[in-house]
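Okay, structure first, notes after.
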Amino acid sequence: MDILSTLLRLSVIGLVAAASLNVGFSEKQLQFAGNGSYISTDASPIFNVSLNLSESTTKICPSLLNADSLSQTELINRLTDLCRYDRLEAPITVNETGDVMPIGVNARFYIYALKDLDSNDLQFMLQGLLQLRYNDTRLAFSGYAPNREPIVGDGSLRNMLWVPHIFLANEQSSNVLGTSEKDQLTTIYPNGTVLISTRIQATLYCWMNFQKFPFDEQKCTTVLESWMYNTSIMQLHWEPTNPVSFHTQLQLTEYDLDGWVCNESISISDAYSMSHGALEGNYSSLSFTVQLSREVGYYIIDYFVPSMMIVAISWVSFWLQADQTPARSMLGCSTLLSFITLSLSQENSLSKVSYVTMSEVWFLVCTVFIFGSLMEFAFVNTIFRRNNNLEVKKRTTKYIVRSTFVPKMRRNPRSFNRSSSTMSSCSKISGGNQKNTVITIETPIIIGNGLSRENSTISMEENDASISSSSTATLTETPKEKPPQTFATMTPKEVSLWIDHKMRFVFPLAFLIFNAFFWTLVYCL
């Protein structure tokens, strides 16, 4: 009997223990199924015992049935609870065919200021409000609280949500504006639409072209790209209305805002470009370009007009005498140095580029004009100091220039009928009380009609009472030969004055022609 009673007790204890284990497993299984995270199908007693020993309590998702009576903090905490929301996962949707639909993010940019367009560093500063709008169905609460206002919060609310990672592709530096806290505003609407607004200040690179400087037009672009998610998960789009707008009192000091252009494109990241870290793929990109034209009033008043006056001052030397060396040399050197100093002052504000700009063309040509006036003085001063006269065929530009550069010209020997001059010895004839002295000179004399006079004899008689002279000339004609050419003689002073007189018109005329071509190229081409 004792043995039977003992066996009966042991069987009862075993049945009670088995029943307790089965009940624990079923309760645990139902709790996991109600939680929605996973359902366990393993019915081994060992597993059930381990679960019961490791977890004593079970977490249940907070209810949203009384959403109207909840505060804003309580509502957003329940919406973003881990049982419902994972901020590391993008809110993608699946269509009827089972394909994953990328989330669309719409962007809008409101620009407060554009400033510090630096030509040396090729960058500019931008201040504006960036808005990103997308739809996250996991945050929709219209079904629980249809009459509730949108949820509004700052950076702390933004940290609780999934937010698209957008970066400025051409930024040099950027930061979020704010005094006590960062100027970030997050708004969640009842249908799940999320609007994120951020005030930013960024220094962006702008690849400028200075070929027509200072009459250039620049195009500076701001590029927004997705950093983490490729086009299969997220796509960026501009807002349909007013994607980019500017402050009504926006003012630029050196440029005029002519307009802007928006664009949507795809950025490709691979092992060669590495524009998105180590992630390869196609990434959505947004860009808007502002078109700027430089204000030329400052350069006209401070550079072009003074340079014209300096070039004109260099022409004053043409009205000075060729032998006034100190005045003309000082005038030419001072105008050249003044113009170089003026040009360097405005060239320092321009980046060092490898191509020729319009301002450099103007500088080179004006320098040539000033240097040319200085060289003209050196040339006429050299001619002025010559000792021999200049014989020219005619008093025209062609013959004067030719004779000036080649002073010893070979002439046609038929142009002259010249014989050697002979001076006879003086002889005194004494006859009575008179003394006669006879000097005989044989020299050619050129006459305008081509005739020559030779063997001219000049007789001079001296006595106490009177002086008598007689001369005879024999005119000979050469009808069979060509008439000799008449040459004009110009002194060095006359040649230098003639050159200065011509340069008074040549230099201004050439400068006017250059200005006509220059300003036509600037404004018409």
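Quick note on naming: the chains in the structure tokens go A, B, ... in the order shown, residues restart at 1 in each chain, and ligands are numbered from 1 in order of appearance.
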
Give me the residues of stretch 249-361 of chain A that have any atom at most 10 Å from an atom of stretch 376-388 of chain A; for each, the nearest atom pair and the distance in Å, rounded to one decimal. Use only C-alpha atoms, sort by chain and number, and format it as CSV.
residue,atom,partner,partner_atom,distance
A:Ser317,CA,A:Phe377,CA,7.6
A:Phe318,CA,A:Phe377,CA,7.8
A:Leu320,CA,A:Phe377,CA,9.6
A:Gln321,CA,A:Asn381,CA,9.0
A:Ala322,CA,A:Asn381,CA,5.2
A:Asp323,CA,A:Asn381,CA,6.1
A:Gln324,CA,A:Asn381,CA,8.6
A:Thr325,CA,A:Asn381,CA,7.7
A:Arg328,CA,A:Phe377,CA,7.1
A:Ser329,CA,A:Phe377,CA,7.7
A:Gly332,CA,A:Phe377,CA,8.8

Filtered DSSP result for stretch 185-343 of chain A, state helix (DSSP H, G or I), as a PDB file with N, CA, C and O atoms, in the first residue's frame:
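The result, stored in out-v3.pdb:
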ATOM      1  N   GLY A 297      29.248  99.777 -64.484  1.00  0.00           N
ATOM      2  CA  GLY A 297      29.384 101.199 -64.183  1.00  0.00           C
ATOM      3  C   GLY A 297      30.647 101.515 -63.413  1.00  0.00           C
ATOM      4  O   GLY A 297      31.333 102.512 -63.698  1.00  0.00           O
ATOM      5  N   TYR A 298      30.975 100.686 -62.444  1.00  0.00           N
ATOM      6  CA  TYR A 298      32.187 100.909 -61.653  1.00  0.00           C
ATOM      7  C   TYR A 298      33.433 100.843 -62.531  1.00  0.00           C
ATOM      8  O   TYR A 298      34.345 101.675 -62.403  1.00  0.00           O
ATOM      9  N   TYR A 299      33.496  99.876 -63.413  1.00  0.00           N
ATOM     10  CA  TYR A 299      34.682  99.709 -64.260  1.00  0.00           C
ATOM     11  C   TYR A 299      34.776 100.795 -65.331  1.00  0.00           C
ATOM     12  O   TYR A 299      35.878 101.203 -65.693  1.00  0.00           O
ATOM     13  N   ILE A 300      33.627 101.255 -65.825  1.00  0.00           N
ATOM     14  CA  ILE A 300      33.662 102.336 -66.811  1.00  0.00           C
ATOM     15  C   ILE A 300      34.223 103.607 -66.204  1.00  0.00           C
ATOM     16  O   ILE A 300      35.073 104.295 -66.795  1.00  0.00           O
ATOM     17  N   ILE A 301      33.756 103.939 -64.989  1.00  0.00           N
ATOM     18  CA  ILE A 301      34.153 105.198 -64.361  1.00  0.00           C
ATOM     19  C   ILE A 301      35.567 105.117 -63.804  1.00  0.00           C
ATOM     20  O   ILE A 301      36.351 106.071 -63.911  1.00  0.00           O
ATOM     21  N   ASP A 302      35.907 103.986 -63.204  1.00  0.00           N
ATOM     22  CA  ASP A 302      37.193 103.894 -62.506  1.00  0.00           C
ATOM     23  C   ASP A 302      38.322 103.309 -63.337  1.00  0.00           C
ATOM     24  O   ASP A 302      39.474 103.371 -62.907  1.00  0.00           O
ATOM     25  N   TYR A 303      38.023 102.743 -64.492  1.00  0.00           N
ATOM     26  CA  TYR A 303      39.107 102.123 -65.270  1.00  0.00           C
ATOM     27  C   TYR A 303      39.127 102.575 -66.730  1.00  0.00           C
ATOM     28  O   TYR A 303      40.146 103.086 -67.206  1.00  0.00           O
ATOM     29  N   PHE A 304      38.031 102.405 -67.432  1.00  0.00           N
ATOM     30  CA  PHE A 304      38.063 102.662 -68.874  1.00  0.00           C
ATOM     31  C   PHE A 304      38.184 104.152 -69.193  1.00  0.00           C
ATOM     32  O   PHE A 304      38.992 104.537 -70.050  1.00  0.00           O
ATOM     33  N   VAL A 305      37.401 104.999 -68.547  1.00  0.00           N
ATOM     34  CA  VAL A 305      37.501 106.440 -68.810  1.00  0.00           C
ATOM     35  C   VAL A 305      38.864 106.987 -68.399  1.00  0.00           C
ATOM     36  O   VAL A 305      39.500 107.725 -69.173  1.00  0.00           O
ATOM     37  N   PRO A 306      39.396 106.674 -67.195  1.00  0.00           N
ATOM     38  CA  PRO A 306      40.759 107.156 -66.886  1.00  0.00           C
ATOM     39  C   PRO A 306      41.826 106.635 -67.839  1.00  0.00           C
ATOM     40  O   PRO A 306      42.766 107.365 -68.174  1.00  0.00           O
ATOM     41  N   SER A 307      41.698 105.389 -68.289  1.00  0.00           N
ATOM     42  CA  SER A 307      42.696 104.870 -69.227  1.00  0.00           C
ATOM     43  C   SER A 307      42.629 105.595 -70.568  1.00  0.00           C
ATOM     44  O   SER A 307      43.670 105.849 -71.194  1.00  0.00           O
ATOM     45  N   MET A 308      41.404 105.947 -71.022  1.00  0.00           N
ATOM     46  CA  MET A 308      41.297 106.746 -72.246  1.00  0.00           C
ATOM     47  C   MET A 308      41.971 108.101 -72.088  1.00  0.00           C
ATOM     48  O   MET A 308      42.658 108.584 -73.000  1.00  0.00           O
ATOM     49  N   MET A 309      41.792 108.713 -70.946  1.00  0.00           N
ATOM     50  CA  MET A 309      42.409 110.025 -70.708  1.00  0.00           C
ATOM     51  C   MET A 309      43.927 109.914 -70.650  1.00  0.00           C
ATOM     52  O   MET A 309      44.641 110.790 -71.158  1.00  0.00           O
ATOM     53  N   ILE A 310      44.441 108.845 -70.049  1.00  0.00           N
ATOM     54  CA  ILE A 310      45.897 108.679 -69.981  1.00  0.00           C
ATOM     55  C   ILE A 310      46.475 108.480 -71.378  1.00  0.00           C
ATOM     56  O   ILE A 310      47.531 109.041 -71.727  1.00  0.00           O
ATOM     57  N   VAL A 311      45.804 107.695 -72.204  1.00  0.00           N
ATOM     58  CA  VAL A 311      46.276 107.506 -73.579  1.00  0.00           C
ATOM     59  C   VAL A 311      46.247 108.831 -74.333  1.00  0.00           C
ATOM     60  O   VAL A 311      47.176 109.147 -75.095  1.00  0.00           O
ATOM     61  N   ALA A 312      45.187 109.632 -74.145  1.00  0.00           N
ATOM     62  CA  ALA A 312      45.111 110.927 -74.830  1.00  0.00           C
ATOM     63  C   ALA A 312      46.194 111.880 -74.345  1.00  0.00           C
ATOM     64  O   ALA A 312      46.724 112.683 -75.128  1.00  0.00           O
ATOM     65  N   ILE A 313      46.532 111.814 -73.062  1.00  0.00           N
ATOM     66  CA  ILE A 313      47.597 112.683 -72.541  1.00  0.00           C
ATOM     67  C   ILE A 313      48.934 112.350 -73.182  1.00  0.00           C
ATOM     68  O   ILE A 313      49.766 113.236 -73.421  1.00  0.00           O
ATOM     69  N   SER A 314      49.158 111.084 -73.499  1.00  0.00           N
ATOM     70  CA  SER A 314      50.421 110.715 -74.132  1.00  0.00           C
ATOM     71  C   SER A 314      50.584 111.331 -75.515  1.00  0.00           C
ATOM     72  O   SER A 314      51.704 111.434 -76.015  1.00  0.00           O
ATOM     73  N   TRP A 315      49.479 111.746 -76.133  1.00  0.00           N
ATOM     74  CA  TRP A 315      49.575 112.365 -77.456  1.00  0.00           C
ATOM     75  C   TRP A 315      49.985 113.833 -77.397  1.00  0.00           C
ATOM     76  O   TRP A 315      50.234 114.448 -78.429  1.00  0.00           O
ATOM     77  N   VAL A 316      50.030 114.418 -76.216  1.00  0.00           N
ATOM     78  CA  VAL A 316      50.426 115.827 -76.092  1.00  0.00           C
ATOM     79  C   VAL A 316      51.855 116.019 -76.565  1.00  0.00           C
ATOM     80  O   VAL A 316      52.224 117.102 -77.044  1.00  0.00           O
ATOM     81  N   SER A 317      52.660 114.989 -76.469  1.00  0.00           N
ATOM     82  CA  SER A 317      54.061 115.112 -76.897  1.00  0.00           C
ATOM     83  C   SER A 317      54.185 115.418 -78.383  1.00  0.00           C
ATOM     84  O   SER A 317      55.216 115.926 -78.829  1.00  0.00           O
ATOM     85  N   PHE A 318      53.167 115.138 -79.182  1.00  0.00           N
ATOM     86  CA  PHE A 318      53.231 115.440 -80.613  1.00  0.00           C
ATOM     87  C   PHE A 318      53.200 116.937 -80.877  1.00  0.00           C
ATOM     88  O   PHE A 318      53.576 117.375 -81.961  1.00  0.00           O
ATOM     89  N   TRP A 319      52.751 117.722 -79.922  1.00  0.00           N
ATOM     90  CA  TRP A 319      52.700 119.178 -80.079  1.00  0.00           C
ATOM     91  C   TRP A 319      53.945 119.861 -79.495  1.00  0.00           C
ATOM     92  O   TRP A 319      54.055 121.071 -79.559  1.00  0.00           O
ATOM     93  N   THR A 325      63.711 117.175 -75.183  1.00  0.00           N
ATOM     94  CA  THR A 325      63.851 115.801 -74.693  1.00  0.00           C
ATOM     95  C   THR A 325      63.329 115.603 -73.281  1.00  0.00           C
ATOM     96  O   THR A 325      62.594 114.637 -73.023  1.00  0.00           O
ATOM     97  N   PRO A 326      63.671 116.443 -72.304  1.00  0.00           N
ATOM     98  CA  PRO A 326      63.173 116.180 -70.932  1.00  0.00           C
ATOM     99  C   PRO A 326      61.646 116.171 -70.845  1.00  0.00           C
ATOM    100  O   PRO A 326      61.061 115.299 -70.193  1.00  0.00           O
ATOM    101  N   ALA A 327      60.988 117.110 -71.507  1.00  0.00           N
ATOM    102  CA  ALA A 327      59.532 117.204 -71.392  1.00  0.00           C
ATOM    103  C   ALA A 327      58.844 116.011 -72.045  1.00  0.00           C
ATOM    104  O   ALA A 327      57.949 115.390 -71.444  1.00  0.00           O
ATOM    105  N   ARG A 328      59.278 115.669 -73.238  1.00  0.00           N
ATOM    106  CA  ARG A 328      58.600 114.579 -73.953  1.00  0.00           C
ATOM    107  C   ARG A 328      58.895 113.215 -73.335  1.00  0.00           C
ATOM    108  O   ARG A 328      58.012 112.355 -73.252  1.00  0.00           O
ATOM    109  N   SER A 329      60.125 112.982 -72.905  1.00  0.00           N
ATOM    110  CA  SER A 329      60.440 111.699 -72.271  1.00  0.00           C
ATOM    111  C   SER A 329      59.739 111.549 -70.928  1.00  0.00           C
ATOM    112  O   SER A 329      59.238 110.462 -70.588  1.00  0.00           O
ATOM    113  N   MET A 330      59.676 112.629 -70.151  1.00  0.00           N
ATOM    114  CA  MET A 330      58.975 112.566 -68.870  1.00  0.00           C
ATOM    115  C   MET A 330      57.482 112.337 -69.066  1.00  0.00           C
ATOM    116  O   MET A 330      56.850 111.564 -68.323  1.00  0.00           O
ATOM    117  N   LEU A 331      56.901 112.965 -70.054  1.00  0.00           N
ATOM    118  CA  LEU A 331      55.481 112.786 -70.331  1.00  0.00           C
ATOM    119  C   LEU A 331      55.177 111.346 -70.754  1.00  0.00           C
ATOM    120  O   LEU A 331      54.209 110.729 -70.276  1.00  0.00           O
ATOM    121  N   GLY A 332      55.986 110.770 -71.623  1.00  0.00           N
ATOM    122  CA  GLY A 332      55.749 109.400 -72.066  1.00  0.00           C
ATOM    123  C   GLY A 332      55.927 108.380 -70.957  1.00  0.00           C
ATOM    124  O   GLY A 332      55.104 107.468 -70.791  1.00  0.00           O
ATOM    125  N   CYS A 333      56.971 108.523 -70.144  1.00  0.00           N
ATOM    126  CA  CYS A 333      57.216 107.555 -69.069  1.00  0.00           C
ATOM    127  C   CYS A 333      56.164 107.657 -67.971  1.00  0.00           C
ATOM    128  O   CYS A 333      55.697 106.648 -67.443  1.00  0.00           O
ATOM    129  N   SER A 334      55.781 108.878 -67.606  1.00  0.00           N
ATOM    130  CA  SER A 334      54.793 109.045 -66.534  1.00  0.00           C
ATOM    131  C   SER A 334      53.430 108.492 -66.945  1.00  0.00           C
ATOM    132  O   SER A 334      52.737 107.865 -66.132  1.00  0.00           O
ATOM    133  N   THR A 335      53.003 108.714 -68.180  1.00  0.00           N
ATOM    134  CA  THR A 335      51.718 108.172 -68.620  1.00  0.00           C
ATOM    135  C   THR A 335      51.745 106.647 -68.680  1.00  0.00           C
ATOM    136  O   THR A 335      50.770 105.987 -68.324  1.00  0.00           O
ATOM    137  N   LEU A 336      52.864 106.075 -69.089  1.00  0.00           N
ATOM    138  CA  LEU A 336      52.966 104.620 -69.144  1.00  0.00           C
ATOM    139  C   LEU A 336      52.905 104.011 -67.748  1.00  0.00           C
ATOM    140  O   LEU A 336      52.178 103.039 -67.501  1.00  0.00           O
ATOM    141  N   LEU A 337      53.640 104.586 -66.804  1.00  0.00           N
ATOM    142  CA  LEU A 337      53.622 104.059 -65.442  1.00  0.00           C
ATOM    143  C   LEU A 337      52.269 104.269 -64.779  1.00  0.00           C
ATOM    144  O   LEU A 337      51.801 103.409 -64.015  1.00  0.00           O
ATOM    145  N   SER A 338      51.629 105.386 -65.047  1.00  0.00           N
ATOM    146  CA  SER A 338      50.308 105.637 -64.457  1.00  0.00           C
ATOM    147  C   SER A 338      49.287 104.630 -64.964  1.00  0.00           C
ATOM    148  O   SER A 338      48.454 104.135 -64.194  1.00  0.00           O
ATOM    149  N   PHE A 339      49.338 104.326 -66.236  1.00  0.00           N
ATOM    150  CA  PHE A 339      48.372 103.371 -66.784  1.00  0.00           C
ATOM    151  C   PHE A 339      48.623 101.966 -66.245  1.00  0.00           C
ATOM    152  O   PHE A 339      47.667 101.222 -65.963  1.00  0.00           O
ATOM    153  N   ILE A 340      49.874 101.567 -66.094  1.00  0.00           N
ATOM    154  CA  ILE A 340      50.170 100.239 -65.538  1.00  0.00           C
ATOM    155  C   ILE A 340      49.675 100.141 -64.101  1.00  0.00           C
ATOM    156  O   ILE A 340      49.097  99.126 -63.687  1.00  0.00           O
ATOM    157  N   THR A 341      49.872 101.200 -63.309  1.00  0.00           N
ATOM    158  CA  THR A 341      49.381 101.200 -61.928  1.00  0.00           C
ATOM    159  C   THR A 341      47.863 101.117 -61.882  1.00  0.00           C
ATOM    160  O   THR A 341      47.285 100.394 -61.053  1.00  0.00           O
ATOM    161  N   LEU A 342      47.181 101.838 -62.768  1.00  0.00           N
ATOM    162  CA  LEU A 342      45.720 101.779 -62.822  1.00  0.00           C
ATOM    163  C   LEU A 342      45.228 100.385 -63.188  1.00  0.00           C
ATOM    164  O   LEU A 342      44.247  99.893 -62.615  1.00  0.00           O
ATOM    165  N   SER A 343      45.898  99.735 -64.095  1.00  0.00           N
ATOM    166  CA  SER A 343      45.472  98.404 -64.522  1.00  0.00           C
ATOM    167  C   SER A 343      45.707  97.361 -63.438  1.00  0.00           C
ATOM    168  O   SER A 343      44.869  96.477 -63.228  1.00  0.00           O
TER     169      SER A 343
END

**Report entry** Nearest to A:Gln251 by atom-to-atom distance, counting only C-alpha atoms, from A:Ala113, A:Val194, A:Leu157, A:Met375
**Finding:**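 Counting only C-alpha atoms, the residue closest to A:Gln251 is A:Ala113.
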
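Nearest-residue note for A:Met101: choosing from A:Thr241, A:Ser293, A:Thr231, A:Thr520, the minimum distance belongs to A:Thr231, counting only C-alpha atoms.
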
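Atom CA of A:Asn95 to atom CA of A:Ser226 spans 23.3 Å [interatomic distance, one decimal].
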
With the cut-off set at 10 Å and counting only C-alpha atoms, tabulate each residue of stretch 309-403 of chain A with an atom at most that distance from an atom of stretch 117-135 of chain A, showing the nearest atom pair and its distance in Å to one decimal, ordered by chain and increasing number, as a tab-separated table.
residue	atom	partner	partner_atom	distance
A:Asn348	CA	A:Asn120	CA	8.8
A:Ser349	CA	A:Asn120	CA	6.8
A:Leu350	CA	A:Ser119	CA	5.5
A:Ser351	CA	A:Asn120	CA	4.2
A:Lys352	CA	A:Asn120	CA	7.6
A:Val353	CA	A:Asn120	CA	9.8

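Proximity to A:Pro146 was assessed for A:Tyr189, A:Tyr283, A:Phe514, A:Phe507 counting only C-alpha atoms; the smallest distance is recorded for A:Tyr189.
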
Query - A:Pro150 surroundings by only C-alpha atoms, 8 Å radius, close-in-sequence under 2 positions cut, as number ranges by chain - result: A: 148, 152, 187-190

Please, could you write that set of residues out with N, CA and C atoms as a short mmCIF file (atom, residue, chain, number, x, y, z; two decimals), in the first residue's frame?
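Okay, this is what ended up in out.cif:
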data_model
loop_
_atom_site.label_atom_id
_atom_site.label_comp_id
_atom_site.auth_asym_id
_atom_site.auth_seq_id
_atom_site.Cartn_x
_atom_site.Cartn_y
_atom_site.Cartn_z
N ARG A 148 -7.98 66.77 -35.56
CA ARG A 148 -6.79 67.25 -34.85
C ARG A 148 -5.92 68.08 -35.80
N VAL A 152 3.42 70.04 -34.83
CA VAL A 152 4.52 70.93 -35.16
C VAL A 152 5.59 70.78 -34.08
N THR A 187 6.78 69.58 -39.47
CA THR A 187 5.32 69.58 -39.41
C THR A 187 4.81 68.25 -39.96
N ILE A 188 3.92 67.59 -39.16
CA ILE A 188 3.29 66.33 -39.57
C ILE A 188 1.80 66.58 -39.74
N TYR A 189 1.28 66.37 -40.93
CA TYR A 189 -0.13 66.59 -41.22
C TYR A 189 -0.91 65.30 -40.97
N PRO A 190 -2.24 65.40 -40.79
CA PRO A 190 -3.03 64.20 -40.47
C PRO A 190 -2.93 63.09 -41.51
#

Query raised in the report: In terms of the shortest atom-to-atom distance over only C-alpha atoms, which of A:Pro508, A:Thr97, A:Met358, A:Thr198 is closest to A:Ile370?
Result: A:Pro508

Query raised in the report: Which distance in Å separates atom CA of A:Gly98 and atom CA of A:Ile233, to one decimal?
Result: 14.6 Å

Requested in this report: Just give me the gap between atom CA of A:Cys220 and atom CA of A:Ser197 in Å, one decimal is fine.
Outcome: 23.3 Å

Query raised in the report: Of the candidates A:Gln291, A:Thr73, A:Gln211, A:Ser174, which one gets nearest to A:Leu257 if we count only C-alpha atoms?
Result: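 That would be A:Gln291, the residue with the smallest distance to A:Leu257.
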